[in-house]
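Raw final_21.cif, mmCIF, C-alpha atoms:
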data_run
loop_
_atom_site.label_atom_id
_atom_site.label_comp_id
_atom_site.auth_asym_id
_atom_site.auth_seq_id
_atom_site.Cartn_x
_atom_site.Cartn_y
_atom_site.Cartn_z
CA MET A 827 0.00 0.00 0.00
CA PHE A 828 2.85 2.41 0.78
CA VAL A 829 4.52 1.64 -2.57
CA ALA A 830 1.20 2.01 -4.42
CA HIS A 831 0.77 5.56 -3.08
CA ARG A 832 4.44 6.58 -2.94
CA ASN A 833 4.22 9.03 -5.86
CA LEU A 834 1.22 10.73 -4.29
CA LEU A 835 2.93 10.98 -0.91
CA PHE A 836 6.14 12.32 -2.45
CA THR A 837 4.23 15.00 -4.38
CA VAL A 838 2.31 16.08 -1.26
CA ALA A 839 5.59 16.39 0.68
CA TYR A 840 7.45 18.13 -2.17
CA GLU A 841 4.69 20.69 -2.74
CA MET A 842 4.64 21.49 0.95
CA LEU A 843 8.43 21.72 1.29
CA GLY A 844 9.80 22.74 -2.11
CA SER A 845 12.64 20.28 -1.56
CA ALA A 846 12.92 16.79 -3.05
CA ALA A 847 15.58 15.83 -0.51
CA ASP A 848 13.36 16.82 2.41
CA ALA A 849 10.38 15.14 0.77
CA GLU A 850 12.35 11.88 0.58
CA ASP A 851 13.22 12.21 4.28
CA VAL A 852 9.52 12.72 5.05
CA LEU A 853 8.70 9.55 3.12
CA GLN A 854 11.28 7.62 5.14
CA GLU A 855 9.63 8.83 8.36
CA THR A 856 6.21 7.99 6.95
CA TRP A 857 7.34 4.45 6.11
CA LEU A 858 8.81 3.92 9.59
CA ARG A 859 5.55 4.99 11.21
CA TRP A 860 3.44 3.03 8.71
CA ALA A 861 5.46 -0.14 9.34
CA GLY A 862 4.51 0.01 13.01
CA VAL A 863 0.77 0.49 12.47
CA ASP A 864 -1.76 -2.25 13.19
CA LEU A 865 -3.50 -2.24 9.81
CA GLY A 866 -6.55 -3.87 11.33
CA THR A 867 -7.31 -0.59 13.06
CA VAL A 868 -6.99 1.54 9.88
CA ARG A 869 -10.28 2.28 8.11
CA GLU A 870 -8.87 4.01 5.01
CA GLN A 871 -5.20 3.25 4.36
CA ARG A 872 -4.59 5.90 1.67
CA ALA A 873 -6.02 8.63 3.90
CA TYR A 874 -3.95 7.36 6.83
CA LEU A 875 -0.75 7.52 4.77
CA VAL A 876 -1.56 11.05 3.59
CA ARG A 877 -2.18 12.04 7.21
CA ILE A 878 1.21 10.72 8.37
CA THR A 879 3.00 12.38 5.44
CA THR A 880 1.25 15.71 6.00
CA ARG A 881 2.08 15.81 9.69
CA GLN A 882 5.72 14.93 9.05
CA ALA A 883 5.94 17.55 6.31
CA LEU A 884 4.35 20.20 8.54
CA SER A 885 6.92 19.51 11.25
CA ARG A 886 9.77 19.75 8.76
CA LEU A 887 8.28 22.84 7.12
CA ARG A 888 8.46 24.74 10.39
CA THR A 889 12.11 23.73 10.78
CA LEU A 890 12.85 24.80 7.20
CA GLY A 891 11.22 28.16 7.87
CA ARG A 892 13.76 28.87 10.60
CA ARG A 893 16.59 27.70 8.33
CA LYS A 894 15.48 29.98 5.49
CA GLU A 895 15.69 33.01 7.76
CA SER A 896 19.49 32.77 7.64
CA TYR A 897 19.70 31.67 3.98
CA VAL A 898 22.13 33.69 1.83
CA GLY A 899 20.32 35.42 -1.02
CA SER A 900 17.05 34.27 -2.56
CA TRP A 901 15.71 30.83 -1.66
CA LEU A 902 14.34 28.85 -4.61
CA PRO A 903 12.69 25.41 -4.58
CA GLU A 904 14.84 22.43 -5.47
CA PRO A 905 14.38 21.87 -9.24
CA LEU A 906 12.70 18.60 -10.09
CA LEU A 907 12.89 16.83 -13.45
CA THR A 908 9.35 15.96 -14.53
CA ALA A 909 7.99 13.64 -17.19
CA PRO A 910 5.72 14.85 -20.04
CA ASP A 911 2.65 13.23 -18.45
CA VAL A 912 3.00 15.57 -15.47
CA ALA A 913 2.87 18.61 -17.76
CA GLU A 914 -0.31 17.22 -19.37
CA ASP A 915 -2.05 17.31 -15.98
CA VAL A 916 -2.66 21.06 -15.93
CA GLU A 917 -3.56 21.33 -12.24
CA LEU A 918 -0.59 19.26 -11.08
CA ALA A 919 1.82 21.01 -13.48
CA ASP A 920 0.75 24.42 -12.23
CA SER A 921 1.09 23.39 -8.60
CA VAL A 922 4.71 22.18 -8.92
CA SER A 923 5.93 25.08 -11.06
CA MET A 924 8.65 27.28 -9.60
CA ALA A 925 6.35 30.29 -9.74
CA MET A 926 3.55 28.54 -7.85
CA LEU A 927 5.87 27.00 -5.26
CA LEU A 928 7.19 30.49 -4.52
CA VAL A 929 3.62 31.75 -4.12
CA MET A 930 2.93 28.91 -1.68
CA GLU A 931 6.00 29.99 0.30
CA THR A 932 3.96 33.04 1.34
CA LEU A 933 1.35 30.83 3.08
CA THR A 934 1.59 29.67 6.67
CA PRO A 935 2.53 25.97 7.06
CA THR A 936 -1.06 24.95 7.84
CA GLU A 937 -2.47 27.06 4.98
CA ARG A 938 0.02 25.46 2.62
CA ALA A 939 -0.92 21.93 3.72
CA VAL A 940 -4.64 22.64 3.37
CA PHE A 941 -4.17 24.31 -0.03
CA VAL A 942 -2.14 21.39 -1.41
CA LEU A 943 -4.49 18.71 -0.11
CA ARG A 944 -7.66 20.53 -1.17
CA GLU A 945 -6.79 22.42 -4.36
CA VAL A 946 -4.27 20.02 -5.87
CA PHE A 947 -5.48 16.63 -4.68
CA ASP A 948 -9.16 17.45 -4.02
CA LEU A 949 -9.26 15.74 -0.63
CA GLY A 950 -12.41 16.16 1.45
CA TYR A 951 -12.49 18.62 4.33
CA ASP A 952 -12.96 15.82 6.88
CA GLU A 953 -9.88 14.01 5.59
CA ILE A 954 -7.78 17.20 5.61
CA ALA A 955 -9.02 18.04 9.10
CA GLU A 956 -7.58 14.78 10.43
CA ALA A 957 -4.27 15.42 8.67
CA VAL A 958 -3.77 18.92 10.11
CA ASP A 959 -5.49 18.43 13.49
CA LYS A 960 -8.20 21.01 12.86
CA SER A 961 -11.99 20.84 12.71
CA PRO A 962 -13.62 20.54 9.26
CA ALA A 963 -15.16 23.99 9.77
CA ALA A 964 -11.75 25.50 10.50
CA VAL A 965 -10.26 23.74 7.47
CA ARG A 966 -12.96 25.28 5.23
CA GLN A 967 -12.01 28.74 6.47
CA ILE A 968 -8.30 28.06 6.03
CA ALA A 969 -8.90 26.71 2.51
CA HIS A 970 -10.92 29.80 1.56
CA ARG A 971 -8.24 32.13 2.93
CA ALA A 972 -5.38 30.23 1.23
CA ARG A 973 -7.26 30.05 -2.09
CA ALA A 974 -7.85 33.82 -2.10
CA HIS A 975 -4.22 34.49 -1.14
CA VAL A 976 -2.88 32.29 -3.94
CA ALA A 977 -5.37 33.56 -6.53
CA ALA A 978 -4.13 37.12 -6.02
CA ARG A 979 -0.52 36.07 -6.67
CA ARG A 980 -0.59 32.99 -8.90
CA PRO A 981 0.95 32.94 -12.42
CA ARG A 982 -1.30 34.19 -15.18
CA GLY A 983 -2.64 31.79 -17.78
CA ILE A 984 -1.79 28.51 -19.49
CA VAL A 985 0.71 28.72 -22.36
CA SER A 986 0.40 26.43 -25.37
CA PRO A 987 3.20 23.86 -25.94
CA THR A 988 4.09 25.51 -29.27
CA GLU A 989 4.34 28.96 -27.70
CA THR A 990 6.47 27.52 -24.91
CA ARG A 991 8.82 25.70 -27.28
CA ASP A 992 9.28 28.75 -29.52
CA ALA A 993 10.04 31.03 -26.58
CA LEU A 994 12.51 28.58 -25.03
CA ASP A 995 14.28 28.01 -28.38
CA ALA A 996 14.64 31.76 -28.93
CA PHE A 997 15.92 32.24 -25.39
CA GLN A 998 18.43 29.40 -25.72
CA ARG A 999 19.80 30.70 -29.03
CA ALA A 1000 20.20 34.22 -27.66
CA ALA A 1001 21.80 33.02 -24.41
CA GLU A 1002 24.28 30.71 -26.16
CA THR A 1003 25.46 33.42 -28.54
CA GLY A 1004 25.30 36.30 -26.08
CA ASP A 1005 22.85 38.03 -28.46
CA LEU A 1006 21.73 41.01 -26.41
CA GLN A 1007 18.99 42.06 -28.85
CA GLY A 1008 17.75 38.50 -29.10
CA LEU A 1009 17.41 38.38 -25.32
CA LEU A 1010 15.62 41.73 -25.26
CA ASP A 1011 13.18 40.48 -27.90
CA ILE A 1012 12.12 37.41 -25.86
CA LEU A 1013 12.14 38.92 -22.35
CA ALA A 1014 9.03 40.71 -21.07
CA PRO A 1015 9.64 44.34 -20.03
CA ASP A 1016 8.99 43.43 -16.37
CA VAL A 1017 10.86 40.10 -16.37
CA VAL A 1018 12.29 39.04 -13.00
CA LEU A 1019 15.48 36.99 -12.51
CA LEU A 1020 15.99 35.18 -9.21
CA GLY A 1021 19.21 33.37 -8.36
CA ASP A 1022 19.93 30.78 -5.67
CA GLY A 1023 23.56 29.99 -4.92
CA GLY A 1024 22.96 29.14 -1.27
CA GLY A 1025 26.02 31.13 -0.28
CA VAL A 1026 28.17 28.47 -1.99
CA LYS A 1027 28.01 29.52 -5.65
CA GLN A 1028 27.92 33.07 -6.99
CA ALA A 1029 24.37 34.21 -7.75
CA VAL A 1030 22.39 37.44 -7.71
CA LEU A 1031 21.47 38.09 -4.07
CA ARG A 1032 18.38 40.14 -4.88
CA PRO A 1033 15.82 39.92 -7.70
CA VAL A 1034 16.92 41.58 -10.93
CA VAL A 1035 13.94 43.30 -12.59
CA GLY A 1036 13.57 44.58 -16.16
CA ALA A 1037 14.46 43.23 -19.59
CA ASP A 1038 17.50 45.47 -20.09
CA LYS A 1039 19.16 44.56 -16.77
CA VAL A 1040 18.40 40.85 -17.10
CA ALA A 1041 19.53 40.67 -20.74
CA ARG A 1042 22.83 42.44 -20.08
CA LEU A 1043 23.54 40.26 -17.05
CA MET A 1044 22.85 37.05 -18.96
CA ALA A 1045 24.74 38.10 -22.09
CA ALA A 1046 27.80 39.02 -20.01
CA GLY A 1047 27.60 35.82 -17.96
CA MET A 1048 27.34 33.48 -20.94
CA GLY A 1049 30.04 35.39 -22.76
CA ARG A 1050 32.55 34.57 -19.98
CA LEU A 1051 31.85 30.83 -20.09
CA THR A 1052 33.85 28.35 -22.11
CA ALA A 1053 33.19 24.64 -22.57
CA ALA A 1054 29.62 25.25 -21.43
CA SER A 1055 26.53 23.58 -22.85
CA LEU A 1056 22.86 24.49 -22.57
CA ARG A 1057 20.24 21.78 -22.94
CA PRO A 1058 16.45 22.14 -22.77
CA ALA A 1059 14.62 20.13 -20.13
CA GLN A 1060 11.30 19.93 -18.36
CA VAL A 1061 11.72 21.02 -14.76
CA ASN A 1062 8.78 21.29 -12.37
CA ALA A 1063 6.54 20.58 -15.39
CA TYR A 1064 7.68 23.77 -17.14
CA PRO A 1065 10.46 24.57 -19.66
CA ALA A 1066 13.99 24.98 -18.39
CA LEU A 1067 17.60 25.05 -19.51
CA ILE A 1068 20.31 22.99 -17.86
CA LEU A 1069 23.78 24.55 -18.01
CA ARG A 1070 26.67 22.11 -17.79
CA LEU A 1071 30.31 23.03 -17.23
CA ASP A 1072 32.88 20.32 -17.86
CA GLY A 1073 30.09 17.77 -17.99
CA ALA A 1074 28.57 18.57 -14.57
CA ILE A 1075 25.38 20.54 -13.91
CA ASP A 1076 26.30 24.07 -12.93
CA THR A 1077 22.93 25.85 -13.16
CA VAL A 1078 19.30 25.00 -13.80
CA VAL A 1079 17.28 27.91 -15.19
CA ALA A 1080 13.53 27.36 -14.95
CA VAL A 1081 11.52 29.62 -17.24
CA ARG A 1082 8.10 31.20 -16.81
CA ILE A 1083 6.37 32.27 -20.03
CA ASP A 1084 3.33 34.49 -20.41
CA ASP A 1085 1.88 35.69 -23.73
CA GLY A 1086 4.91 34.40 -25.65
CA LEU A 1087 7.45 36.31 -23.56
CA ILE A 1088 9.61 35.22 -20.64
CA THR A 1089 8.38 36.84 -17.44
CA GLY A 1090 10.36 34.85 -14.88
CA LEU A 1091 13.80 33.21 -14.71
CA TYR A 1092 14.72 31.04 -11.73
CA ALA A 1093 18.42 30.17 -11.71
CA VAL A 1094 19.37 27.49 -9.17
CA ARG A 1095 23.12 27.05 -8.58
CA ASN A 1096 23.20 25.71 -5.01
CA PRO A 1097 25.00 22.34 -5.41
CA GLU A 1098 22.86 20.74 -2.69
CA LYS A 1099 19.75 21.44 -4.75
CA LEU A 1100 21.30 20.06 -7.94
CA SER A 1101 22.72 16.78 -6.61
CA ARG A 1102 19.51 14.78 -7.15
CA MET A 1103 19.13 16.05 -10.71
CA GLU A 1104 22.79 15.27 -11.40
CA ARG A 1105 22.21 11.66 -10.32
CA GLU A 1106 19.04 11.31 -12.37
CA THR A 1107 20.51 12.78 -15.54
CA SER A 1108 23.68 10.69 -15.16
CA LEU A 1109 21.59 7.51 -14.95
CA SER A 1110 19.61 8.48 -18.06
CA ARG A 1111 22.66 9.24 -20.20
#

For this file, write the structure as structure tokens.
Amino acid sequence: MFVAHRNLLFTVAYEMLGSAADAEDVLQETWLRWAGVDLGTVREQRAYLVRITTRQALSRLRTLGRRKESYVGSWLPEPLLTAPDVAEDVELADSVSMAMLLVMETLTPTERAVFVLREVFDLGYDEIAEAVDKSPAAVRQIAHRARAHVAARRPRGIVSPTETRDALDAFQRAAETGDLQGLLDILAPDVVLLGDGGGVKQAVLRPVVGADKVARLMAAGMGRLTAASLRPAQVNAYPALILRLDGAIDTVVAVRIDDGLITGLYAVRNPEKLSRMERETSLSR
């Protein structure tokens, strides 16, 4: 039963934490607790597993919140390679996108848990109430508050696959050649670049806003690199570019596209957040 629902449990934990490594730790804790349960006393095993996972994730989320307070520069979610079938599930794809995960960072831990369980996985209020130790009435209020909070901040609309591919191709060509005008043509006027080096790798410490600033920064950065390669990928169910230096992943740039233009760039360089992707891509090569 645990194996049958493992993907669901991982996604619940990842969407609450924004970290695949922490989500895996939560699943380990869930398994240890599940292994000690008398299954004869469990009425609904899937709901019970979700409850254990949610409670473990909530506990870890509060710890992560304290850790993020001393984080150097911007904190970005750990990038996650996703298969095409995830992108085809519009609700799930939207919920694991970098942009949405950053919106969910602005919720309280309980609001985030309720939002994920209700809006993404459509769990009933009674089931969520057991998972977060609240009454169903309180959960309804929390869900309403979280939904309104996210709706005011969530990414705009759905972009067609063709529009996405064209924008990513144009961005990749311009970035590889250091074509400043090409970058300006594909970046939205109010584009935002966020970088996450975790204090280990050099990255912008504050958001860089505006097409001109972002384009010049990227053109200069790519121009200084040698023996670098950019490859398209699907990260968090959205388009991304993986930058490799000397064969190893150096940066993952997740891309947000609206109306055919790039409105958000999320550049993750923190080696701790790239180790899982490095393993997965090495196994697939």

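Here CA of Gly1004 (chain A) stands at a distance of 25.2 Å from CA of Leu902 (chain A).
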
Long-range neighbours of region 1085-1090 of chain A as a VMD selection string, 7 Å cut-off, only C-alpha atoms, 5 positions minimum in chain: chain A and resid 989 993 1012 to 1014 1016 to 1019

Go ahead and save the residues from that selection, with C-alpha atoms, as a PDB file, in the frame of the given file.
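For reference, result03.pdb as written:
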ATOM      1  CA  GLU A 989       4.340  28.960 -27.700  1.00  0.00           C
ATOM      2  CA  ALA A 993      10.040  31.030 -26.580  1.00  0.00           C
ATOM      3  CA  ILE A1012      12.120  37.410 -25.860  1.00  0.00           C
ATOM      4  CA  LEU A1013      12.140  38.920 -22.350  1.00  0.00           C
ATOM      5  CA  ALA A1014       9.030  40.710 -21.070  1.00  0.00           C
ATOM      6  CA  ASP A1016       8.990  43.430 -16.370  1.00  0.00           C
ATOM      7  CA  VAL A1017      10.860  40.100 -16.370  1.00  0.00           C
ATOM      8  CA  VAL A1018      12.290  39.040 -13.000  1.00  0.00           C
ATOM      9  CA  LEU A1019      15.480  36.990 -12.510  1.00  0.00           C
TER      10      LEU A1019
END

For Ser900 (chain A), which residue out of A:Val1081, A:Ala1001, A:Val1030, A:Leu1091 is the nearest one, using all atoms listed in the file? A:Val1030

Pro1015 (chain A) environment, 9 Å, only C-alpha atoms, sequence neighbours closer than 6 positions dropped, as a ChimeraX atom specification: /A:1035-1038,1089

When the PyMOL selection byres ((chain A and resi 969) around 10) is applied to the structure above, which residues does it catch, written out as a VMD selection string? chain A and resid 936 to 945 951 963 to 968 970 to 975

For CA of Ser885 (chain A) and CA of Met930 (chain A), quote the distance in Å rounded to one decimal.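 Between these atoms lies a distance of 16.5 Å.
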
Can you tell me how far CA of Glu917 (chain A) sits from CA of Phe947 (chain A), in Å to one decimal?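 A separation of 9.1 Å between them.
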
Starting from the shown file, work through the PyMOL selection byres ((chain A and resi 854) around 12) and note down what comes out as number ranges by chain. A: 828-829, 832, 835-836, 839, 847-853, 855-861, 878-879, 882-883

Would you compute the box with edges along x, y and z of the file around region 836-853 of chain A, including every atom the file lists for it and 3 Å extra on each side, and give its centre and edge lengths in Å to one decimal, as AutoDock Vina command-line options?
--center_x 8.9 --center_y 16.1 --center_z 0.3 --size_x 19.3 --size_y 19.2 --size_z 15.4

Closest contacts (region 867-937 of chain A/region 1053-1064 of chain A, max 7 Å, all atoms listed in the file) as JSON lines:
{"residue": "A:Pro905", "atom": "CA", "partner": "A:Val1061", "partner_atom": "CA", "distance": 6.2}
{"residue": "A:Leu906", "atom": "CA", "partner": "A:Asn1062", "partner_atom": "CA", "distance": 5.3}
{"residue": "A:Leu907", "atom": "CA", "partner": "A:Val1061", "partner_atom": "CA", "distance": 4.5}
{"residue": "A:Thr908", "atom": "CA", "partner": "A:Ala1063", "partner_atom": "CA", "distance": 5.5}
{"residue": "A:Val912", "atom": "CA", "partner": "A:Ala1063", "partner_atom": "CA", "distance": 6.1}
{"residue": "A:Ala913", "atom": "CA", "partner": "A:Ala1063", "partner_atom": "CA", "distance": 4.8}
{"residue": "A:Ala919", "atom": "CA", "partner": "A:Ala1063", "partner_atom": "CA", "distance": 5.1}
{"residue": "A:Val922", "atom": "CA", "partner": "A:Asn1062", "partner_atom": "CA", "distance": 5.4}
{"residue": "A:Ser923", "atom": "CA", "partner": "A:Asn1062", "partner_atom": "CA", "distance": 4.9}
{"residue": "A:Met924", "atom": "CA", "partner": "A:Asn1062", "partner_atom": "CA", "distance": 6.6}
